[in-house]
$ cat input08.txt   # compact mmCIF, C-alpha atoms
# COMPACT_ATOMS: atom_id res chain seq x y z
CA MET O 1 79.87 84.44 69.86
CA LYS O 2 83.20 85.63 71.25
CA ASN O 3 81.27 86.72 74.33
CA ILE O 4 79.92 83.27 75.13
CA LYS O 5 82.77 82.54 77.54
CA PHE O 6 81.81 85.65 79.51
CA LEU O 7 78.22 84.45 79.63
CA LEU O 8 79.46 81.16 81.04
CA LEU O 9 81.77 82.82 83.58
CA GLY O 10 79.01 85.21 84.63
CA THR O 11 76.63 82.32 85.12
CA ILE O 12 79.16 80.51 87.30
CA PHE O 13 79.76 83.71 89.28
CA GLY O 14 76.00 84.18 89.76
CA ILE O 15 75.64 80.62 91.07
CA ILE O 16 78.53 81.17 93.50
CA LEU O 17 77.06 84.47 94.72
CA ILE O 18 73.74 82.78 95.53
CA LYS O 19 75.24 79.67 97.13
CA ALA O 20 77.64 81.84 99.16
CA GLU O 21 74.61 83.86 100.33
CA VAL O 22 76.55 87.10 99.80
CA ILE O 23 73.47 88.37 97.95
CA SER O 24 71.55 88.32 101.22
CA TRP O 25 70.57 91.58 102.91
CA PHE O 26 70.68 89.57 106.16
CA ARG O 27 74.27 88.46 105.58
CA ILE O 28 75.38 92.02 104.80
CA GLN O 29 73.77 93.26 108.02
CA GLU O 30 75.40 90.41 109.93
CA MET O 31 78.76 91.46 108.49
CA PHE O 32 78.42 95.15 109.36
CA ARG O 33 77.35 94.13 112.88
CA PHE O 34 80.37 91.80 113.29
CA GLN O 35 78.02 88.96 114.17
CA SER O 36 79.47 86.28 111.94
CA PHE O 37 82.74 85.39 110.24
CA HIS O 38 80.95 84.21 107.08
CA MET O 39 81.30 87.34 104.90
CA TYR O 40 84.80 88.14 106.14
CA GLY O 41 85.89 84.60 105.40
CA ILE O 42 84.53 84.87 101.86
CA ILE O 43 86.01 88.29 101.07
CA CYS O 44 89.41 87.50 102.59
CA SER O 45 89.77 84.05 100.99
CA ALA O 46 88.68 85.49 97.63
CA ILE O 47 91.37 88.17 97.88
CA VAL O 48 94.04 85.64 98.88
CA VAL O 49 93.20 83.40 95.89
CA GLY O 50 93.06 86.42 93.56
CA LEU O 51 96.37 87.73 94.89
CA ILE O 52 98.18 84.41 94.49
CA SER O 53 96.72 84.01 90.99
CA ILE O 54 97.91 87.43 89.85
CA GLN O 55 101.36 86.86 91.35
CA LEU O 56 101.62 83.55 89.48
CA ILE O 57 100.45 85.16 86.24
CA LYS O 58 103.10 87.88 86.60
CA LYS O 59 105.89 85.58 87.75
CA PHE O 60 105.46 83.02 84.99
CA ASN O 61 104.34 85.61 82.43
CA ILE O 62 101.22 83.58 81.71
CA LYS O 63 99.44 84.59 78.50
CA THR O 64 95.76 84.57 77.66
CA ILE O 65 94.32 81.57 75.80
CA SER O 66 94.73 83.52 72.56
CA GLY O 67 98.38 84.23 73.38
CA GLU O 68 98.07 87.89 74.40
CA GLU O 69 100.12 89.53 77.11
CA ILE O 70 97.95 89.93 80.23
CA LYS O 71 97.63 93.59 81.16
CA ILE O 72 96.16 94.93 84.38
CA ALA O 73 95.81 98.71 84.55
CA ASP O 74 96.81 100.36 87.83
CA LYS O 75 94.10 102.16 89.77
CA GLU O 76 94.72 105.85 90.22
CA PHE O 77 93.89 107.52 93.50
CA THR O 78 91.16 110.16 93.40
CA LYS O 79 89.11 111.84 96.12
CA GLY O 80 86.25 109.80 94.68
CA ASN O 81 87.77 106.69 96.23
CA VAL O 82 86.92 108.27 99.59
CA ILE O 83 83.72 110.24 98.93
CA GLY O 84 82.24 107.81 96.42
CA GLY O 85 83.43 104.91 98.56
CA LEU O 86 81.54 106.24 101.59
CA MET O 87 78.43 106.79 99.46
CA PHE O 88 78.55 103.29 98.07
CA GLY O 89 79.02 101.95 101.62
CA LEU O 90 75.84 103.70 102.72
CA GLY O 91 73.95 102.25 99.75
CA TRP O 92 75.46 98.80 100.30
CA ALA O 93 74.10 98.64 103.85
CA MET O 94 70.71 100.00 102.73
CA THR O 95 70.07 97.72 99.75
CA GLY O 96 72.13 94.84 101.12
CA ALA O 97 73.60 94.44 97.66
CA CYS O 98 76.52 95.60 95.59
CA PRO O 99 76.15 95.58 91.77
CA GLY O 100 76.92 91.87 91.18
CA PRO O 101 74.31 90.64 93.68
CA LEU O 102 71.71 93.00 92.17
CA TYR O 103 71.80 90.98 88.93
CA ALA O 104 71.80 87.66 90.79
CA LEU O 105 68.83 88.68 92.94
CA ILE O 106 66.79 89.75 89.93
CA GLY O 107 67.58 86.44 88.24
CA SER O 108 66.56 84.47 91.31
CA GLY O 109 63.11 86.00 91.14
CA TYR O 110 63.27 89.10 93.34
CA LEU O 111 61.95 91.30 90.55
CA VAL O 112 61.58 94.34 92.80
CA ILE O 113 65.39 94.53 92.87
CA ALA O 114 65.14 95.68 89.23
CA VAL O 115 63.96 98.98 90.72
CA VAL O 116 67.15 99.14 92.80
CA LEU O 117 69.18 98.40 89.65
CA LEU O 118 67.40 101.11 87.64
CA SER O 119 68.00 103.54 90.47
CA ALA O 120 71.68 102.56 90.46
CA VAL O 121 71.88 103.21 86.69
CA LEU O 122 70.27 106.60 87.31
CA GLY O 123 72.83 107.27 90.07
CA THR O 124 75.66 106.47 87.66
CA TYR O 125 74.03 108.73 85.06
CA ILE O 126 73.76 111.66 87.50
CA TYR O 127 77.40 111.10 88.49
CA GLY O 128 78.42 111.24 84.83
CA VAL O 129 76.50 114.47 84.28
CA MET O 130 77.87 116.12 87.45
CA ARG O 131 81.37 114.73 87.06
CA ASN O 132 83.13 117.99 86.17
CA LYS O 133 81.76 119.72 89.24
CA LEU O 134 82.83 117.02 91.70
CA PRO O 135 86.22 116.93 93.46
CA HIS O 136 88.52 114.25 92.05
CA MET J 1 72.23 66.43 95.15
CA ASN J 2 72.39 68.29 98.45
CA ILE J 3 75.31 70.43 97.31
CA LEU J 4 73.06 71.95 94.64
CA PHE J 5 70.38 73.07 97.06
CA HIS J 6 72.38 73.84 100.18
CA PRO J 7 74.46 76.96 100.74
CA TRP J 8 78.22 76.59 100.44
CA PRO J 9 80.59 77.40 103.33
CA TRP J 10 82.84 80.43 103.07
CA TYR J 11 86.00 78.38 102.49
CA ILE J 12 84.46 76.94 99.31
CA SER J 13 82.65 79.99 97.94
CA GLY J 14 85.35 82.57 98.82
CA PRO J 15 88.18 80.87 96.87
CA LEU J 16 85.79 80.23 93.96
CA ILE J 17 85.01 83.96 93.82
CA GLY J 18 88.77 84.64 93.89
CA LEU J 19 89.23 82.33 90.89
CA MET J 20 87.06 84.65 88.81
CA VAL J 21 90.07 87.00 88.73
CA PRO J 22 92.49 84.69 86.84
CA ALA J 23 89.62 83.15 84.84
CA LEU J 24 88.68 86.53 83.33
CA LEU J 25 92.32 87.49 82.79
CA ILE J 26 93.32 84.25 81.10
CA LEU J 27 90.15 83.67 79.08
CA GLY J 28 89.65 87.24 77.94
CA ASN J 29 92.31 89.64 79.27
CA LYS J 30 89.55 91.35 81.27
CA THR J 31 89.78 92.72 84.78
CA PHE J 32 87.08 91.59 87.18
CA GLY J 33 84.46 94.25 87.87
CA ILE J 34 80.71 94.68 87.72
CA SER J 35 79.79 98.28 88.45
CA SER J 36 80.97 99.46 85.01
CA THR J 37 77.88 97.72 83.61
CA LEU J 38 75.82 100.50 85.19
CA ARG J 39 77.81 103.02 83.13
CA HIS J 40 77.41 101.00 79.93
CA MET J 41 73.66 100.72 80.45
CA SER J 42 73.43 104.43 81.06
CA ALA J 43 75.51 105.17 77.95
CA ALA J 44 73.37 102.79 75.90
CA CYS J 45 69.95 103.85 77.15
CA ILE J 46 69.94 107.45 78.39
CA PRO J 47 70.63 110.15 75.77
CA THR J 48 73.03 112.80 77.10
CA ASN J 49 75.76 115.19 76.07
CA ALA J 50 77.91 114.33 79.07
CA LYS J 51 81.41 113.38 77.91
CA PHE J 52 81.53 110.61 80.50
CA PHE J 53 79.08 108.62 78.38
CA LYS J 54 80.63 109.40 74.99
CA TYR J 55 82.59 106.21 74.48
CA ASP J 56 82.12 103.01 72.59
CA TRP J 57 80.11 101.04 75.15
CA LYS J 58 79.61 98.26 72.60
CA ALA J 59 83.34 97.55 72.87
CA GLU J 60 82.66 96.71 76.54
CA SER J 61 79.74 94.44 75.75
CA TRP J 62 81.54 91.50 77.39
CA ASN J 63 80.82 93.18 80.74
CA LEU J 64 77.07 93.32 80.03
CA VAL J 65 77.07 89.72 78.83
CA PHE J 66 78.87 88.76 82.06
CA ALA J 67 76.20 90.59 84.11
CA PHE J 68 73.47 88.82 82.15
CA GLY J 69 75.22 85.58 83.05
CA VAL J 70 75.16 86.57 86.73
CA ALA J 71 71.37 86.97 86.51
CA LEU J 72 71.16 83.60 84.75
CA GLY J 73 73.24 82.07 87.54
CA GLY J 74 70.83 83.65 89.99
CA LEU J 75 67.95 81.96 88.17
CA ILE J 76 69.67 78.58 88.30
CA ALA J 77 70.93 78.67 91.88
CA GLY J 78 68.31 80.89 93.47
CA TYR J 79 65.21 79.66 91.70
CA PHE J 80 65.63 76.16 90.28
CA PHE J 81 68.04 75.03 93.01
CA LYS J 82 66.67 77.32 95.69
CA ASN J 83 67.75 76.59 99.24
CA PRO J 84 64.51 75.38 100.87
CA ASN J 85 65.65 76.49 104.33
CA PRO J 86 65.98 80.00 105.75
CA ILE J 87 69.51 81.41 105.92
CA GLN J 88 71.35 80.16 108.99
CA LEU J 89 72.15 83.51 110.58
CA SER J 90 74.02 83.78 113.86
CA ASP J 91 71.84 84.12 116.97
CA ALA J 92 73.16 87.63 117.48
CA ALA J 93 72.11 88.62 113.97
CA ILE J 94 68.61 87.23 114.43
CA GLU J 95 68.32 89.20 117.66
CA SER J 96 69.37 92.37 115.81
CA MET J 97 66.95 91.71 112.95
CA ASN J 98 64.14 91.30 115.48
CA GLN J 99 65.07 94.65 116.99
CA LEU J 100 64.85 96.18 113.51
CA GLY J 101 61.30 94.85 113.30
CA ILE J 102 61.95 92.24 110.59
CA LYS J 103 59.63 89.25 110.80
CA ASN J 104 60.10 87.36 107.55
CA TYR J 105 63.34 85.34 107.39
CA SER J 106 62.21 82.80 104.84
CA GLY J 107 63.95 84.30 101.81
CA MET J 108 67.39 85.67 100.94
CA ILE J 109 66.25 89.22 101.60
CA PRO J 110 63.66 90.60 104.05
CA GLU J 111 60.59 90.18 101.88
CA ASP J 112 58.46 92.25 104.25
CA ILE J 113 60.48 95.34 103.26
CA PHE J 114 61.75 94.56 99.77
CA ASN J 115 58.57 94.19 97.74
CA PHE J 116 56.69 96.27 95.17
CA SER J 117 54.02 97.62 97.49
CA SER J 118 56.56 98.87 100.04
CA LEU J 119 58.15 100.98 97.27
CA LEU J 120 55.32 103.39 98.04
CA THR J 121 56.25 103.59 101.73
CA LEU J 122 58.91 105.99 102.95
CA LYS J 123 61.00 103.13 104.40
CA GLY J 124 60.86 101.04 101.24
CA PHE J 125 61.52 104.02 98.98
CA ILE J 126 64.57 105.10 100.98
CA LEU J 127 66.07 101.60 101.21
CA MET J 128 65.48 100.58 97.60
CA VAL J 129 65.42 103.75 95.50
CA ILE J 130 67.74 106.06 97.47
CA GLY J 131 69.92 103.09 98.41
CA GLY J 132 70.19 102.03 94.77
CA PHE J 133 71.05 105.59 93.76
CA PHE J 134 73.91 105.65 96.30
CA VAL J 135 75.18 102.33 94.96
CA GLY J 136 75.24 103.64 91.38
CA PHE J 137 76.59 107.11 92.13
CA GLY J 138 79.05 105.90 94.77
CA THR J 139 80.58 103.01 92.83
CA ARG J 140 81.25 105.12 89.75
CA TYR J 141 82.61 108.04 91.78
CA ALA J 142 84.82 105.57 93.69
CA GLY J 143 85.88 103.93 90.42
CA GLY J 144 84.66 100.45 91.33
CA CYS J 145 82.65 98.28 93.68
CA THR J 146 83.26 95.27 95.87
CA SER J 147 84.42 93.24 92.88
CA GLY J 148 86.52 95.88 91.10
CA HIS J 149 88.15 97.40 94.18
CA ALA J 150 87.84 94.96 97.10
CA ILE J 151 88.57 91.77 95.16
CA MET J 152 90.34 92.74 91.91
CA GLY J 153 92.10 95.87 93.22
CA LEU J 154 93.28 94.36 96.50
CA SER J 155 94.39 91.20 94.69
CA ASN J 156 96.58 93.46 92.55
CA LEU J 157 97.86 95.35 95.64
CA GLN J 158 96.40 98.68 94.58
CA LEU J 159 96.51 101.33 97.32
CA PRO J 160 93.52 103.30 95.92
CA SER J 161 91.49 100.08 96.15
CA LEU J 162 92.48 99.62 99.78
CA ILE J 163 91.38 103.18 100.53
CA ALA J 164 88.11 102.66 98.64
CA THR J 165 87.43 99.34 100.38
CA CYS J 166 87.98 100.92 103.81
CA CYS J 167 85.54 103.67 102.84
CA PHE J 168 82.97 101.09 101.64
CA PHE J 169 83.11 99.59 105.11
CA ALA J 170 83.08 102.94 106.88
CA GLY J 171 79.95 103.95 104.95
CA GLY J 172 78.32 100.58 105.66
CA LEU J 173 79.10 100.79 109.37
CA LEU J 174 77.77 104.34 109.56
CA MET J 175 74.54 103.29 107.88
CA THR J 176 74.10 100.08 109.88
CA TRP J 177 74.84 101.49 113.32
CA CYS J 178 73.75 105.14 113.13
CA ILE J 179 71.17 105.63 110.37
CA LEU J 180 69.41 102.35 109.57
CA PRO J 181 67.65 102.06 112.96
CA TYR J 182 65.91 105.38 112.20
CA ILE J 183 64.97 104.36 108.65
CA MET J 184 63.55 101.08 109.92
CA ASN J 185 61.34 102.98 112.36
CA LEU J 186 59.74 105.12 109.65

$ encode --input "input08.txt" --output "structure tokens"
Amino acid sequence: MKNIKFLLLGTIFGIILIKAEVISWFRIQEMFRFQSFHMYGIICSAIVVGLISIQLIKKFNIKTISGEEIKIADKEFTKGNVIGGLMFGLGWAMTGACPGPLYALIGSGYLVIAVVLLSAVLGTYIYGVMRNKLPH
Amino acid sequence: MNILFHPWPWYISGPLIGLMVPALLILGNKTFGISSTLRHMSAACIPTNAKFFKYDWKAESWNLVFAFGVALGGLIAGYFFKNPNPIQLSDAAIESMNQLGIKNYSGMIPEDIFNFSSLLTLKGFILMVIGGFFVGFGTRYAGGCTSGHAIMGLSNLQLPSLIATCCFFAGGLLMTWCILPYIMNL
């Protein structure tokens, strides 16, 4: 039951993703072709709101609803940020979807996207198996 | 009622996506990110000796529940409150889509390519199966996706996230401009 709030937040996020049309292969193509401001407006305004929120949380030392200190781990640089980043970029433009939209698309009835999701799980699995041999 | 069926403009939907960051932090002390769910599913479903999957994925179950919620949101907004109109793409984009040979604009994705029977064509297989593989391999290797790096990481002023986000775009541009036209001609 402690996870019910995450179910609710996820549902809200899924609704936003659909209504923002960021789950659309067409919109992703339009973005990579610089043919519309739509996606850039969404990504940039999301970052601005996220940035201000985190600054406020840090400045006023805001706690969680259960009174815990809010902790955000720093990201560490690895070569994977570059190599993996490029790979994900290729896949993003092919499938027109990053992981969040995959779930939203399946939910909205595009069941064939479950194949894309399974393939993505397999990709993660192969990464995990090969991890020690990859540059980091 | 229109607001339920119609798409939302970027200045509404973008800030709402940004609010997911403080919502997850304040409600659950969780950092926003989706691609980790792929790792949890792999750890839960595929038996392996790889150390990368030897962790308590059940402790991260919130992430899977969140992803299930995203699918549920997709059902609500994309099925029950489905936008009856095609996506209002820019004229330039429609021109480009025509050049790629896409004819069906009625849905959220090009249904003439993304369907079960085209999985058996070279074009469909490459776009869906190979593309999906790149998404899964790439996000984990990069340590995050558009949500974990581009939104959460940049919101927290993380340099590795900036580098990763630039590479996401570089990869996407390379695919869109140099490779996709060939795949679409297969």

$ residues_around --input "input08.txt" --residues "stretch 96-108 of chain O" --least-positions-apart "4" --cutoff "6 Å" --atoms "all atoms listed in the file" --output "list in words"
Gly14, Ile23, Trp25, Ile28, Trp92 and Ile113 of chain O; Ile34, Ser35, Val70, Ala71, Leu72, Gly74, Leu75, Gly78 and Tyr79 of chain J

$ atom_distance --input "input08.txt" --atom1 "atom CA of J:Ala92" --atom2 "atom CA of J:Thr165"
25.2 Å

$ closest_residue --input "input08.txt" --among "J:Val135, J:Leu162, J:Ile3, J:Ile102" --to "chain O" --atoms "only C-alpha atoms"
J:Val135

$ closest_residue --input "input08.txt" --among "J:Gly18, J:Gly73, J:Gly33, J:Gly171" --to "O:Ile18" --atoms "only C-alpha atoms"
J:Gly73

$ residues_around --input "input08.txt" --residues "J:Glu111" --least-positions-apart "6" --cutoff "10 Å" --atoms "all atoms listed in the file" --output "list in words"
Tyr110 of chain O; Ile102, Lys103, Asn104, Tyr105 and Ser118 of chain J

$ residues_around --input "input08.txt" --residues "stretch 38-42 of chain J" --least-positions-apart "5" --cutoff "8 Å" --atoms "all atoms listed in the file" --output "MDAnalysis selection string"
(chainID O and resid 120:122 124:125) or (chainID J and resid 53 57 60 64 136 140)

$ atom_distance --input "input08.txt" --atom1 "atom CA of J:Asn156" --atom2 "atom CA of J:Ser36"
18.3 Å

$ residues_around --input "input08.txt" --residues "J:Ser155" --least-positions-apart "5" --cutoff "10 Å" --atoms "only C-alpha atoms" --output "list of chain:residue names"
O:Ala46, O:Ile47, O:Val48, O:Val49, O:Gly50, O:Leu51, O:Ile52, O:Ser53, O:Ile54, O:Gln55, J:Gly18, J:Val21, J:Gly148, J:His149, J:Ala150, J:Ser161

$ atom_distance --input "input08.txt" --atom1 "atom CA of O:Gly123" --atom2 "atom CA of J:Gly138"
7.9 Å

$ closest_residue --input "input08.txt" --among "O:Leu17, O:Leu7, O:Ile62, O:Ile57" --to "chain J" --atoms "all atoms listed in the file"
O:Leu7

$ closest_residue --input "input08.txt" --among "J:Leu122, J:Val129, J:Ile113, J:Ile163" --to "J:Gly143" --atoms "all atoms listed in the file"
J:Ile163

$ residues_around --input "input08.txt" --residues "J:Leu127" --least-positions-apart "5" --cutoff "9 Å" --atoms "all atoms listed in the file" --output "list in words"
Gly91, Ala93, Met94, Thr95 and Val116 of chain O; Ile113, Phe114, Leu119, Leu122, Gly132 and Ile183 of chain J

$ axis_aligned_box --input "input08.txt" --around "stretch 110-126 of chain O" --padding-each-side "5 Å" --output "AutoDock Vina command-line options"
--center_x 68.6 --center_y 100.4 --center_z 89.2 --size_x 24.1 --size_y 32.6 --size_z 18.3

$ closest_residue --input "input08.txt" --among "O:Met31, O:Ile4, O:Ala114, O:Met87" --to "chain J" --atoms "all atoms listed in the file"
O:Met87

$ closest_residue --input "input08.txt" --among "J:Tyr55, J:Pro181, J:Ser117, J:Pro15" --to "chain O" --atoms "only C-alpha atoms"
J:Pro15

$ decode --input "input08.txt" --residues "stretch 166-184 of chain J" --atoms "N, CA and C atoms" --output "CSV table (one decimal), in the first residue's frame"
chain,number,residue,atom,x,y,z
J,166,CYS,N,23.4,15.8,-24.3
J,166,CYS,CA,23.9,16.2,-25.6
J,166,CYS,C,24.1,15.0,-26.5
J,167,CYS,N,24.6,13.9,-25.9
J,167,CYS,CA,24.8,12.7,-26.7
J,167,CYS,C,23.5,12.1,-27.1
J,168,PHE,N,22.5,12.1,-26.3
J,168,PHE,CA,21.1,11.6,-26.7
J,168,PHE,C,20.8,12.4,-28.0
J,169,PHE,N,20.9,13.7,-28.0
J,169,PHE,CA,20.5,14.5,-29.2
J,169,PHE,C,21.4,14.2,-30.4
J,170,ALA,N,22.7,14.1,-30.1
J,170,ALA,CA,23.7,13.8,-31.2
J,170,ALA,C,23.3,12.4,-31.9
J,171,GLY,N,23.0,11.4,-31.1
J,171,GLY,CA,22.6,10.1,-31.6
J,171,GLY,C,21.3,10.2,-32.4
J,172,GLY,N,20.3,11.0,-31.9
J,172,GLY,CA,19.0,11.2,-32.5
J,172,GLY,C,19.2,11.9,-33.8
J,173,LEU,N,20.0,12.9,-33.9
J,173,LEU,CA,20.2,13.7,-35.1
J,173,LEU,C,20.9,12.8,-36.1
J,174,LEU,N,21.9,12.1,-35.7
J,174,LEU,CA,22.6,11.2,-36.6
J,174,LEU,C,21.6,10.2,-37.3
J,175,MET,N,20.8,9.6,-36.4
J,175,MET,CA,19.8,8.6,-36.9
J,175,MET,C,18.8,9.3,-37.9
J,176,THR,N,18.2,10.4,-37.4
J,176,THR,CA,17.2,11.1,-38.2
J,176,THR,C,17.7,11.6,-39.6
J,177,TRP,N,18.9,12.2,-39.6
J,177,TRP,CA,19.4,12.8,-40.8
J,177,TRP,C,20.2,11.9,-41.7
J,178,CYS,N,20.9,11.0,-41.1
J,178,CYS,CA,21.8,10.2,-41.9
J,178,CYS,C,21.4,8.7,-42.1
J,179,ILE,N,20.7,8.1,-41.2
J,179,ILE,CA,20.5,6.7,-41.3
J,179,ILE,C,19.0,6.4,-41.6
J,180,LEU,N,18.1,7.1,-40.9
J,180,LEU,CA,16.7,6.7,-41.0
J,180,LEU,C,16.2,6.7,-42.5
J,181,PRO,N,16.6,7.7,-43.3
J,181,PRO,CA,16.1,7.7,-44.7
J,181,PRO,C,16.4,6.4,-45.4
J,182,TYR,N,17.6,5.7,-45.1
J,182,TYR,CA,17.9,4.4,-45.7
J,182,TYR,C,17.0,3.3,-45.1
J,183,ILE,N,16.8,3.4,-43.8
J,183,ILE,CA,16.0,2.3,-43.2
J,183,ILE,C,14.5,2.4,-43.7
J,184,MET,N,14.1,3.6,-43.9
J,184,MET,CA,12.7,3.8,-44.4
J,184,MET,C,12.5,3.3,-45.9
